[in-house]
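A.B. asks: You'll find my_file_38.tsv just under this line, and it carries TSV, C-alpha atoms.
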```tsv
chain	number	residue	atom	x	y	z
R	73	MET	CA	13.07	30.85	-41.32
R	74	PRO	CA	16.10	33.12	-42.04
R	75	ASP	CA	19.42	32.14	-40.52
R	76	HIS	CA	20.47	33.88	-37.34
R	77	PRO	CA	23.24	36.38	-38.08
R	78	LEU	CA	25.53	34.73	-35.51
R	79	ILE	CA	24.85	31.16	-36.72
R	80	THR	CA	26.43	29.83	-39.86
R	81	ARG	CA	24.50	26.89	-41.27
R	82	ARG	CA	26.14	24.42	-43.56
R	83	GLU	CA	24.77	21.78	-45.85
R	84	PRO	CA	24.98	18.21	-44.51
R	85	THR	CA	27.74	16.13	-45.99
R	86	PRO	CA	26.99	12.93	-47.92
R	87	ASP	CA	28.12	10.90	-44.92
R	88	ALA	CA	25.70	12.79	-42.65
R	89	LEU	CA	22.84	12.24	-45.08
R	90	ALA	CA	23.65	8.53	-45.25
R	91	ALA	CA	23.73	8.30	-41.43
R	92	SER	CA	20.36	10.08	-41.25
R	93	GLY	CA	18.90	7.57	-43.68
R	94	ARG	CA	20.18	4.64	-41.63
R	95	VAL	CA	18.62	6.12	-38.48
R	96	LEU	CA	15.22	6.47	-40.18
R	97	GLU	CA	15.49	2.98	-41.61
R	98	ARG	CA	16.19	1.47	-38.20
R	99	LEU	CA	13.48	3.53	-36.54
R	100	ARG	CA	10.94	2.16	-39.01
R	101	ALA	CA	12.21	-1.38	-38.44
R	102	MET	CA	11.80	-0.93	-34.68
R	103	GLN	CA	8.30	0.46	-35.12
R	104	ARG	CA	7.30	-2.41	-37.41
R	105	ALA	CA	8.68	-4.94	-34.95
R	106	GLN	CA	6.82	-3.29	-32.09
R	107	ALA	CA	3.58	-3.40	-34.08
R	108	GLU	CA	4.13	-7.12	-34.66
R	109	LEU	CA	4.76	-7.57	-30.94
R	110	GLY	CA	1.48	-5.78	-30.19
R	111	ALA	CA	-0.43	-8.14	-32.50
R	112	VAL	CA	1.05	-11.17	-30.71
R	113	LEU	CA	0.22	-9.68	-27.29
R	114	ALA	CA	-3.37	-9.16	-28.43
R	115	GLU	CA	-3.58	-12.84	-29.41
R	116	ILE	CA	-2.22	-13.91	-26.01
R	117	GLY	CA	-4.67	-11.56	-24.32
R	118	ASP	CA	-7.55	-13.23	-26.16
R	119	ALA	CA	-6.39	-16.70	-25.11
R	120	GLY	CA	-5.85	-15.55	-21.52
R	121	ALA	CA	-2.48	-15.09	-19.83
R	122	GLU	CA	-3.73	-16.97	-16.77
R	123	GLN	CA	-4.76	-20.04	-18.76
R	124	LEU	CA	-1.55	-20.01	-20.82
R	125	PHE	CA	1.09	-19.05	-18.28
R	126	GLY	CA	-0.58	-18.78	-14.86
R	127	TYR	CA	-0.46	-14.96	-14.71
R	128	THR	CA	-3.58	-12.99	-13.88
R	129	ARG	CA	-2.53	-10.02	-16.04
R	130	LEU	CA	-0.94	-9.97	-19.47
R	131	SER	CA	1.36	-7.09	-18.53
R	132	GLU	CA	2.65	-8.99	-15.49
R	133	TRP	CA	3.62	-11.94	-17.68
R	134	LEU	CA	5.31	-9.62	-20.22
R	135	ALA	CA	7.26	-7.80	-17.50
R	136	GLU	CA	8.53	-11.09	-16.06
R	137	THR	CA	9.31	-12.63	-19.45
R	138	GLY	CA	10.97	-9.59	-21.03
R	139	LYS	CA	12.54	-8.24	-17.80
R	140	LEU	CA	10.69	-4.96	-18.40
R	141	GLY	CA	9.46	-2.29	-16.05
R	142	ASP	CA	5.82	-2.66	-15.03
R	143	LYS	CA	4.79	0.63	-16.66
R	144	HIS	CA	6.56	-0.19	-19.94
R	145	ALA	CA	4.99	-3.65	-20.08
R	146	ASP	CA	1.55	-2.22	-19.35
R	147	THR	CA	1.95	0.37	-22.13
R	148	LEU	CA	2.96	-2.27	-24.69
R	149	CYS	CA	-0.03	-4.45	-23.80
R	150	THR	CA	-2.49	-1.55	-23.84
R	151	ARG	CA	-1.18	-0.37	-27.22
R	152	GLY	CA	-1.28	-3.85	-28.76
R	153	ILE	CA	-4.86	-4.52	-27.65
R	154	ALA	CA	-6.08	-1.11	-28.86
R	155	LEU	CA	-4.59	-1.49	-32.35
R	156	ASN	CA	-5.67	-5.06	-33.04
R	157	PRO	CA	-9.06	-6.81	-33.19
R	158	GLY	CA	-9.76	-9.37	-30.50
R	159	MET	CA	-12.29	-11.67	-28.92
R	160	GLU	CA	-14.43	-11.37	-25.81
R	161	LEU	CA	-16.58	-14.29	-24.70
R	162	SER	CA	-16.29	-15.80	-28.22
R	163	ASN	CA	-17.53	-12.53	-29.74
R	164	PRO	CA	-15.28	-10.51	-32.10
R	165	VAL	CA	-14.22	-7.10	-30.81
R	166	PRO	CA	-12.97	-4.53	-33.38
R	167	ALA	CA	-9.76	-2.62	-32.80
R	168	LEU	CA	-10.16	0.74	-31.12
R	169	ALA	CA	-7.97	2.41	-33.77
R	170	PRO	CA	-7.74	0.07	-36.80
R	171	LEU	CA	-6.34	2.64	-39.28
R	172	THR	CA	-3.65	3.57	-36.79
R	173	GLY	CA	-2.83	-0.12	-36.41
R	174	GLU	CA	-2.30	-0.47	-40.17
R	175	ALA	CA	0.03	2.54	-40.28
R	176	ALA	CA	1.92	1.27	-37.23
R	177	ALA	CA	2.44	-2.11	-38.92
R	178	GLU	CA	4.23	-0.28	-41.75
R	179	GLY	CA	6.52	1.49	-39.26
R	180	LEU	CA	5.11	4.95	-40.04
R	181	LEU	CA	4.18	6.10	-36.51
R	182	SER	CA	6.10	6.86	-33.35
R	183	ASP	CA	4.98	5.50	-29.97
R	184	GLY	CA	3.99	8.98	-28.84
R	185	ASN	CA	1.71	9.56	-31.82
R	186	ILE	CA	0.13	6.12	-31.48
R	187	ASP	CA	-0.64	6.74	-27.81
R	188	ALA	CA	-2.03	10.22	-28.58
R	189	ILE	CA	-4.49	8.75	-31.10
R	190	ILE	CA	-5.49	5.89	-28.76
R	191	ASP	CA	-6.14	8.34	-25.90
R	192	ALA	CA	-8.28	10.48	-28.19
R	193	MET	CA	-10.30	7.54	-29.52
R	194	ARG	CA	-11.24	6.53	-25.97
R	195	LYS	CA	-12.89	9.95	-25.47
R	196	ILE	CA	-14.41	10.64	-28.91
R	197	PRO	CA	-17.99	9.32	-29.39
R	198	GLY	CA	-18.11	6.11	-31.43
R	199	LEU	CA	-20.25	7.69	-34.14
R	200	HIS	CA	-17.32	9.93	-35.12
R	201	HIS	CA	-14.48	7.42	-34.69
R	202	ASP	CA	-13.76	6.83	-38.39
R	203	THR	CA	-13.59	10.51	-39.37
R	204	ALA	CA	-11.67	11.61	-36.28
R	205	GLU	CA	-9.12	8.81	-36.55
R	206	ARG	CA	-8.43	9.60	-40.20
R	207	GLN	CA	-7.83	13.27	-39.41
R	208	LEU	CA	-5.54	12.48	-36.48
R	209	LEU	CA	-3.66	9.83	-38.44
R	210	ASP	CA	-2.99	12.17	-41.36
R	211	LEU	CA	-1.55	14.67	-38.91
R	212	ALA	CA	0.47	12.05	-37.00
R	213	LEU	CA	2.30	11.06	-40.21
R	214	VAL	CA	3.91	14.52	-40.40
R	215	ALA	CA	3.67	15.98	-36.88
R	216	LYS	CA	4.85	15.38	-33.32
R	217	PRO	CA	2.72	13.88	-30.49
R	218	ARG	CA	2.11	17.28	-28.88
R	219	GLN	CA	0.49	18.59	-32.07
R	220	VAL	CA	-1.63	15.43	-32.40
R	221	ARG	CA	-2.88	15.79	-28.83
R	222	THR	CA	-3.73	19.45	-29.43
R	223	ALA	CA	-5.72	18.49	-32.52
R	224	ALA	CA	-7.50	15.73	-30.58
R	225	THR	CA	-8.50	18.26	-27.91
R	226	ARG	CA	-9.97	20.55	-30.58
R	227	ILE	CA	-11.89	17.71	-32.23
R	228	LEU	CA	-13.34	16.63	-28.90
R	229	ALA	CA	-14.30	20.22	-28.05
R	230	HIS	CA	-16.09	20.53	-31.40
R	231	LEU	CA	-17.95	17.24	-31.03
R	232	CYS	CA	-18.80	17.68	-27.33
R	233	PRO	CA	-18.77	21.44	-26.61
R	234	ASP	CA	-20.66	20.99	-23.36
R	235	GLY	CA	-18.58	18.06	-22.15
R	236	PRO	CA	-20.02	14.63	-21.35
R	237	GLU	CA	-23.75	14.42	-20.82
R	238	PRO	CA	-24.79	14.38	-17.15
R	239	ASP	CA	-26.20	11.16	-15.81
R	240	ASP	CA	-29.83	11.92	-14.93
R	241	GLY	CA	-30.58	8.37	-13.92
R	242	GLU	CA	-30.96	6.99	-10.43
R	243	PRO	CA	-28.16	7.67	-7.96
R	244	PRO	CA	-25.63	4.84	-7.83
R	245	ARG	CA	-26.40	2.11	-5.35
R	246	ASP	CA	-23.96	0.90	-2.76
R	247	PRO	CA	-21.65	-1.68	-4.35
R	248	GLU	CA	-22.62	-5.30	-3.73
R	249	ARG	CA	-19.76	-7.29	-2.24
R	250	THR	CA	-19.79	-10.84	-0.98
R	251	CYS	CA	-17.18	-12.96	0.75
R	252	ARG	CA	-17.28	-16.65	1.65
R	253	LEU	CA	-14.63	-18.24	3.83
R	254	HIS	CA	-15.03	-21.91	4.71
R	255	LYS	CA	-12.82	-24.69	6.01
R	256	LYS	CA	-12.15	-27.73	3.84
R	257	ARG	CA	-12.02	-31.30	5.08
R	258	ASN	CA	-8.22	-31.32	5.19
R	259	GLY	CA	-8.18	-28.30	7.53
R	260	ASP	CA	-7.20	-25.72	4.89
R	261	TRP	CA	-9.43	-22.76	4.10
R	262	ARG	CA	-10.98	-21.53	0.85
R	263	LEU	CA	-11.74	-17.85	0.22
R	264	GLU	CA	-14.20	-16.69	-2.44
R	265	ALA	CA	-15.18	-13.08	-2.99
R	266	ASP	CA	-17.08	-10.88	-5.44
R	267	VAL	CA	-16.49	-7.12	-5.38
R	268	ASP	CA	-17.28	-4.09	-7.52
R	269	THR	CA	-14.93	-2.72	-10.17
R	270	MET	CA	-13.23	-0.02	-8.10
R	271	SER	CA	-12.74	-2.29	-5.10
R	272	GLY	CA	-11.34	-5.01	-7.33
R	273	GLU	CA	-8.83	-2.61	-8.90
R	274	PHE	CA	-7.77	-1.47	-5.43
R	275	MET	CA	-7.38	-5.03	-4.14
R	276	ASP	CA	-5.52	-6.10	-7.26
R	277	GLY	CA	-3.10	-3.20	-6.88
R	278	VAL	CA	-2.33	-4.05	-3.25
R	279	ILE	CA	-1.83	-7.77	-3.92
R	280	GLU	CA	0.21	-6.98	-7.03
R	281	ALA	CA	2.55	-4.77	-5.00
R	282	LEU	CA	3.04	-7.47	-2.34
R	283	SER	CA	3.45	-10.42	-4.73
R	284	LYS	CA	6.80	-9.51	-6.26
R	285	ARG	CA	9.44	-12.21	-6.29
R	286	ARG	CA	11.30	-12.45	-2.98
R	287	THR	CA	14.88	-11.30	-2.66
R	288	GLY	CA	17.46	-12.71	-0.28
R	289	ASP	CA	20.48	-14.95	-0.02
R	290	ASP	CA	18.35	-18.08	0.43
R	291	GLY	CA	18.10	-18.79	-3.30
R	292	PRO	CA	15.71	-17.87	-6.14
R	293	ASP	CA	11.98	-17.49	-5.60
R	294	THR	CA	10.40	-20.54	-7.26
R	295	ARG	CA	6.77	-19.78	-6.36
R	296	SER	CA	4.24	-19.63	-9.17
R	297	PRO	CA	2.36	-16.35	-9.76
R	298	ALA	CA	-0.74	-17.82	-8.09
R	299	GLN	CA	1.31	-18.87	-5.04
R	300	ARG	CA	2.90	-15.44	-4.79
R	301	ARG	CA	-0.53	-13.78	-4.86
R	302	GLY	CA	-1.81	-16.22	-2.24
R	303	ASP	CA	1.09	-15.37	0.07
R	304	ALA	CA	0.47	-11.67	-0.61
R	305	LEU	CA	-3.17	-12.04	0.45
R	306	VAL	CA	-2.08	-13.59	3.75
R	307	ASP	CA	0.42	-10.73	4.21
R	308	VAL	CA	-2.45	-8.24	3.80
R	309	PHE	CA	-4.32	-9.87	6.68
R	310	GLY	CA	-1.11	-9.97	8.72
R	311	MET	CA	-0.66	-6.21	8.31
R	312	ALA	CA	-4.30	-5.68	9.24
R	313	MET	CA	-3.83	-7.72	12.42
R	314	ASN	CA	-0.98	-5.42	13.45
R	315	SER	CA	-2.96	-2.25	12.75
R	316	PRO	CA	-3.90	-0.23	15.86
R	317	GLU	CA	-7.21	0.65	14.15
R	318	LEU	CA	-8.39	-2.97	13.97
R	319	PRO	CA	-11.76	-3.27	15.80
R	320	THR	CA	-11.93	-5.30	19.00
R	321	GLN	CA	-13.93	-8.42	19.81
R	322	ALA	CA	-15.59	-8.41	23.23
R	323	GLY	CA	-13.22	-5.66	24.34
R	324	GLU	CA	-10.08	-7.45	23.13
R	325	ARG	CA	-8.07	-7.24	19.93
R	326	VAL	CA	-8.76	-9.93	17.36
R	327	HIS	CA	-6.92	-13.03	18.52
R	328	VAL	CA	-6.57	-16.77	18.27
R	329	THR	CA	-5.87	-19.14	21.15
R	330	VAL	CA	-3.03	-21.66	21.06
R	331	THR	CA	-2.90	-24.17	23.90
R	332	LEU	CA	0.11	-26.39	24.56
R	333	PRO	CA	2.40	-27.51	27.41
R	334	PHE	CA	5.45	-25.31	27.92
R	335	GLU	CA	7.74	-28.30	27.36
R	336	THR	CA	6.12	-28.85	23.97
R	337	LEU	CA	6.75	-25.21	23.08
R	338	ARG	CA	10.39	-25.48	24.16
R	339	THR	CA	11.23	-28.77	22.44
R	340	GLN	CA	8.91	-28.42	19.40
R	341	MET	CA	7.90	-32.04	20.00
R	342	GLY	CA	4.21	-32.89	20.23
R	343	LYS	CA	0.93	-31.21	19.34
R	344	ALA	CA	-0.85	-27.98	20.22
R	345	THR	CA	-4.50	-26.92	19.98
R	346	LEU	CA	-5.63	-23.91	17.92
R	347	ASN	CA	-8.77	-22.10	19.13
R	348	LEU	CA	-9.47	-25.10	21.40
R	349	GLU	CA	-10.46	-27.20	18.37
R	350	GLU	CA	-7.88	-27.66	15.59
R	351	GLN	CA	-4.61	-29.50	16.25
R	352	ILE	CA	-1.37	-28.00	14.94
R	353	THR	CA	2.26	-29.03	15.31
R	354	ALA	CA	4.47	-27.67	18.06
R	355	TRP	CA	6.66	-26.07	15.40
R	356	GLU	CA	3.66	-24.10	14.07
R	357	ALA	CA	2.78	-23.08	17.62
R	358	ARG	CA	6.28	-21.77	18.08
R	359	LEU	CA	5.76	-19.50	15.08
R	360	TRP	CA	2.68	-18.05	16.79
R	361	ALA	CA	4.69	-17.48	19.97
R	362	CYS	CA	7.33	-15.30	18.26
R	363	ASP	CA	5.36	-12.06	18.55
R	364	CYS	CA	2.07	-12.40	20.37
R	365	THR	CA	0.21	-11.90	23.59
R	366	ILE	CA	1.07	-14.69	26.01
R	367	ILE	CA	-1.41	-15.66	28.75
R	368	PRO	CA	0.13	-18.31	31.04
R	369	CYS	CA	-2.50	-20.83	32.09
R	370	CYS	CA	-1.85	-23.68	34.50
R	371	LEU	CA	-4.10	-26.72	33.93
R	372	SER	CA	-4.59	-29.87	35.93
R	373	GLU	CA	-4.28	-33.33	34.37
R	374	ASP	CA	-8.05	-33.27	33.89
R	375	GLY	CA	-7.93	-29.91	32.08
R	376	ASP	CA	-9.24	-27.80	34.98
R	377	VAL	CA	-7.82	-24.26	35.19
R	378	LEU	CA	-5.69	-23.97	38.32
R	379	ASP	CA	-4.17	-20.56	37.69
R	380	LEU	CA	-4.56	-17.96	34.93
R	381	GLY	CA	-1.91	-15.28	34.50
R	382	ARG	CA	-2.22	-11.90	32.86
R	383	ALA	CA	-1.43	-11.16	29.23
R	384	LYS	CA	2.10	-10.02	28.45
R	385	ARG	CA	3.00	-8.29	25.21
R	386	LEU	CA	6.38	-9.63	24.18
R	387	ILE	CA	7.33	-6.74	21.89
R	388	THR	CA	5.94	-3.32	22.80
R	389	PRO	CA	4.73	-0.76	20.25
R	390	GLY	CA	7.64	1.46	21.23
R	391	GLN	CA	10.14	-1.31	20.56
R	392	ARG	CA	8.47	-2.03	17.22
R	393	ARG	CA	8.84	1.62	16.17
R	394	ALA	CA	12.50	1.57	17.22
R	395	LEU	CA	13.04	-1.55	15.09
R	396	TYR	CA	11.48	0.21	12.11
R	397	PHE	CA	13.96	3.09	12.37
R	398	ARG	CA	16.94	0.86	13.17
R	399	ASP	CA	16.53	-2.08	10.75
R	400	ARG	CA	14.62	-0.22	7.98
R	401	GLY	CA	13.20	-3.50	6.75
R	402	CYS	CA	13.81	-7.24	6.85
R	403	ALA	CA	17.22	-8.05	8.39
R	404	PHE	CA	17.65	-11.29	6.44
R	405	PRO	CA	20.72	-11.01	4.15
R	406	GLY	CA	19.73	-9.70	0.73
R	407	CYS	CA	16.03	-9.16	1.51
R	408	THR	CA	14.48	-5.82	0.53
R	409	GLN	CA	11.05	-6.08	2.19
R	410	PRO	CA	10.12	-2.71	3.78
R	411	PRO	CA	9.33	-2.37	7.51
R	412	ARG	CA	5.56	-2.41	7.00
R	413	ASN	CA	5.82	-5.99	5.69
R	414	CYS	CA	7.90	-7.21	8.64
R	415	GLN	CA	7.38	-8.36	12.23
R	416	GLY	CA	9.52	-8.12	15.34
R	417	HIS	CA	11.42	-11.31	16.12
R	418	HIS	CA	13.66	-12.48	18.99
R	419	VAL	CA	17.28	-13.22	18.01
R	420	VAL	CA	17.62	-15.56	21.00
R	421	ALA	CA	14.20	-17.19	21.34
R	422	TRP	CA	12.04	-16.07	24.24
R	423	GLU	CA	11.46	-19.64	25.41
R	424	ASP	CA	15.27	-20.12	25.45
R	425	GLY	CA	15.69	-17.24	27.84
R	426	GLY	CA	16.16	-14.46	25.29
R	427	PRO	CA	15.19	-11.05	26.74
R	428	THR	CA	12.63	-8.77	25.13
R	429	ALA	CA	15.25	-6.05	24.74
R	430	LEU	CA	15.99	-4.04	21.63
R	431	ALA	CA	19.45	-5.61	21.33
R	432	ASN	CA	17.79	-9.05	21.11
R	433	LEU	CA	15.11	-8.04	18.59
R	434	THR	CA	15.15	-7.74	14.81
R	435	LEU	CA	12.72	-7.22	11.93
R	436	LEU	CA	11.95	-10.12	9.58
R	437	CYS	CA	9.39	-10.56	6.82
R	438	GLU	CA	7.04	-13.53	7.21
R	439	HIS	CA	8.96	-15.73	4.76
R	440	HIS	CA	12.34	-15.15	6.37
R	441	ARG	CA	10.88	-15.37	9.87
R	442	VAL	CA	9.88	-18.94	9.04
R	443	THR	CA	13.19	-19.54	7.24
R	444	ARG	CA	15.20	-18.38	10.24
R	445	MET	CA	13.35	-20.69	12.59
R	446	ARG	CA	14.21	-23.58	10.29
R	447	LEU	CA	17.86	-22.50	10.27
R	448	ARG	CA	18.30	-22.03	14.00
R	449	GLY	CA	21.94	-22.41	14.93
R	450	SER	CA	23.18	-22.21	11.31
R	451	ASP	CA	25.59	-19.69	9.77
R	452	VAL	CA	22.69	-17.87	8.11
R	453	GLU	CA	21.05	-17.27	11.48
R	454	ALA	CA	24.28	-15.87	12.86
R	455	ARG	CA	24.44	-13.41	9.96
R	456	VAL	CA	20.89	-12.25	10.65
R	457	ALA	CA	21.64	-11.82	14.35
```
Just give me the structure as structure tokens.
C.D. replies:
Amino acid sequence: MPDHPLITRREPTPDALAASGRVLERLRAMQRAQAELGAVLAEIGDAGAEQLFGYTRLSEWLAETGKLGDKHADTLCTRGIALNPGMELSNPVPALAPLTGEAAAEGLLSDGNIDAIIDAMRKIPGLHHDTAERQLLDLALVAKPRQVRTAATRILAHLCPDGPEPDDGEPPRDPERTCRLHKKRNGDWRLEADVDTMSGEFMDGVIEALSKRRTGDDGPDTRSPAQRRGDALVDVFGMAMNSPELPTQAGERVHVTVTLPFETLRTQMGKATLNLEEQITAWEARLWACDCTIIPCCLSEDGDVLDLGRAKRLITPGQRRALYFRDRGCAFPGCTQPPRNCQGHHVVAWEDGGPTALANLTLLCEHHRVTRMRLRGSDVEARVA
């Protein structure tokens, strides 16, 4: 290309050429190191991140260990698995792009070109993988990712001019999903479920989003990944309970019944009954009483109902919306949980005479709602209030 008449080009100095060489040398070293990292990640993926470290996904473990962004960690894991052979159920699985993996190990390919080839190989029919990969790799050694992707599009158009073949088989059946929830001898519950692929991906995404490490001034989050996901699952049900679209049972919203003397509720001393069967502590009952429908019921010593009051909603939907706009999330110092993950809570407890007024209400996530009740009267509670 001839020089522009208004631009004077000059030959690079020896120092500039030396600097350029150092940049290329370090780029290749980085690319070789990243290829080695990908091979190690593929080995860990074969062994199972859950069995080795307690994480359900390899990318989640990498993000936590390397303090990486979720998307970056996922890209590194996807790239490493695609470029390296692996194992599945004790059966060897070839690399998706083995020639590309060899070139990457020598530091000859940029991340963009590697990803362009991997994306293409996922779409190109397996019969043509070897030829197509060789063509794309030869181009990637001298071209930019955009050119490689354009070439991949042309190859795919040549091999599949009419696009993917239509599925003329039977229409898909409704997905089969099962769920088993049963109580164990110690009173805890066990949940087992089997769902289809799309539902599983959706559920995993929701639980993943809710199982991040907690933030706040109450110290580091020491829960294991499995414990965080268990708490996230309970949070999902908690949000469903607060949804106005939740179906009713016998004309009423889904509910549980907690029975206890008022003195037990006030002092937190003694036992309460859950759903007229299971015994819980008074402290646990007090947690239920924070934000619920209260039906006063006067019983005789023999358990006969003498008087039954009407239900009273402690925090109204209007007050809850006002809390969302005012607090914009959990009010516990340092916590970043958004409003949708929080519940309304009395600053001065209702059973201690605290009014159900906006000035006496605040938003707290489930963890810090329990924490605050344990810290009643402490400096931390005063800061929340």
A.B. asks: Rank nothing, just name the residue among R:Leu231, R:Ser92, R:Ser182, R:Gly117 nearest to Pro217 in chain R, using all atoms listed in the file.
C.D. replies: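 Closest to Pro217 in chain R, using all atoms listed in the file: R:Ser182.
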A.B. asks: Mind pulling up the distance from CA of His254 in chain R to CA of Tyr127 in chain R?
C.D. replies: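 The value is 25.3 Å.
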A.B. asks: Counting all atoms listed in the file, figure out which residue out of R:Cys402, R:Ala223, R:Cys149, R:Leu96 gets nearest to Asp118 in chain R.
C.D. replies: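 Nearest to Asp118 in chain R: R:Cys149.
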A.B. asks: For a quick check of your reading of the model, name the residues lying within 10 Å of the coordinate (3.5, -2.4, 14.0), counting all atoms listed in the file, and write them as a PyMOL selection string.
C.D. replies: chain R and resi 311-316+387-393+395-396+411-416
A.B. asks: In Å to one decimal, how far is CA of Pro157 in chain R from CA of Ile116 in chain R?
C.D. replies: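 So the two atoms, CA of Ile116 in chain R and CA of Pro157 in chain R, lie 12.2 Å apart.
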A.B. asks: Do you know which residues are at most 12 Å from range 164-169 of chain R counting only C-alpha atoms, after dropping those on the same chain fewer than 6 positions away, and could you put them as an MDAnalysis selection string?
C.D. replies: chainID R and resid 110:111 114 118 150:158 175:176 186:198 201:206 208:209
A.B. asks: Go ahead and write the residues just picked, C-alpha atoms, as a PDB file, keeping the file's coordinate frame.
C.D. replies:
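Writing done, so here's result.pdb:
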```
ATOM      1  CA  GLY R 110       1.480  -5.780 -30.190  1.00  0.00           C
ATOM      2  CA  ALA R 111      -0.430  -8.140 -32.500  1.00  0.00           C
ATOM      3  CA  ALA R 114      -3.370  -9.160 -28.430  1.00  0.00           C
ATOM      4  CA  ASP R 118      -7.550 -13.230 -26.160  1.00  0.00           C
ATOM      5  CA  THR R 150      -2.490  -1.550 -23.840  1.00  0.00           C
ATOM      6  CA  ARG R 151      -1.180  -0.370 -27.220  1.00  0.00           C
ATOM      7  CA  GLY R 152      -1.280  -3.850 -28.760  1.00  0.00           C
ATOM      8  CA  ILE R 153      -4.860  -4.520 -27.650  1.00  0.00           C
ATOM      9  CA  ALA R 154      -6.080  -1.110 -28.860  1.00  0.00           C
ATOM     10  CA  LEU R 155      -4.590  -1.490 -32.350  1.00  0.00           C
ATOM     11  CA  ASN R 156      -5.670  -5.060 -33.040  1.00  0.00           C
ATOM     12  CA  PRO R 157      -9.060  -6.810 -33.190  1.00  0.00           C
ATOM     13  CA  GLY R 158      -9.760  -9.370 -30.500  1.00  0.00           C
ATOM     14  CA  ALA R 175       0.030   2.540 -40.280  1.00  0.00           C
ATOM     15  CA  ALA R 176       1.920   1.270 -37.230  1.00  0.00           C
ATOM     16  CA  ILE R 186       0.130   6.120 -31.480  1.00  0.00           C
ATOM     17  CA  ASP R 187      -0.640   6.740 -27.810  1.00  0.00           C
ATOM     18  CA  ALA R 188      -2.030  10.220 -28.580  1.00  0.00           C
ATOM     19  CA  ILE R 189      -4.490   8.750 -31.100  1.00  0.00           C
ATOM     20  CA  ILE R 190      -5.490   5.890 -28.760  1.00  0.00           C
ATOM     21  CA  ASP R 191      -6.140   8.340 -25.900  1.00  0.00           C
ATOM     22  CA  ALA R 192      -8.280  10.480 -28.190  1.00  0.00           C
ATOM     23  CA  MET R 193     -10.300   7.540 -29.520  1.00  0.00           C
ATOM     24  CA  ARG R 194     -11.240   6.530 -25.970  1.00  0.00           C
ATOM     25  CA  LYS R 195     -12.890   9.950 -25.470  1.00  0.00           C
ATOM     26  CA  ILE R 196     -14.410  10.640 -28.910  1.00  0.00           C
ATOM     27  CA  PRO R 197     -17.990   9.320 -29.390  1.00  0.00           C
ATOM     28  CA  GLY R 198     -18.110   6.110 -31.430  1.00  0.00           C
ATOM     29  CA  HIS R 201     -14.480   7.420 -34.690  1.00  0.00           C
ATOM     30  CA  ASP R 202     -13.760   6.830 -38.390  1.00  0.00           C
ATOM     31  CA  THR R 203     -13.590  10.510 -39.370  1.00  0.00           C
ATOM     32  CA  ALA R 204     -11.670  11.610 -36.280  1.00  0.00           C
ATOM     33  CA  GLU R 205      -9.120   8.810 -36.550  1.00  0.00           C
ATOM     34  CA  ARG R 206      -8.430   9.600 -40.200  1.00  0.00           C
ATOM     35  CA  LEU R 208      -5.540  12.480 -36.480  1.00  0.00           C
ATOM     36  CA  LEU R 209      -3.660   9.830 -38.440  1.00  0.00           C
TER      37      LEU R 209
END
```
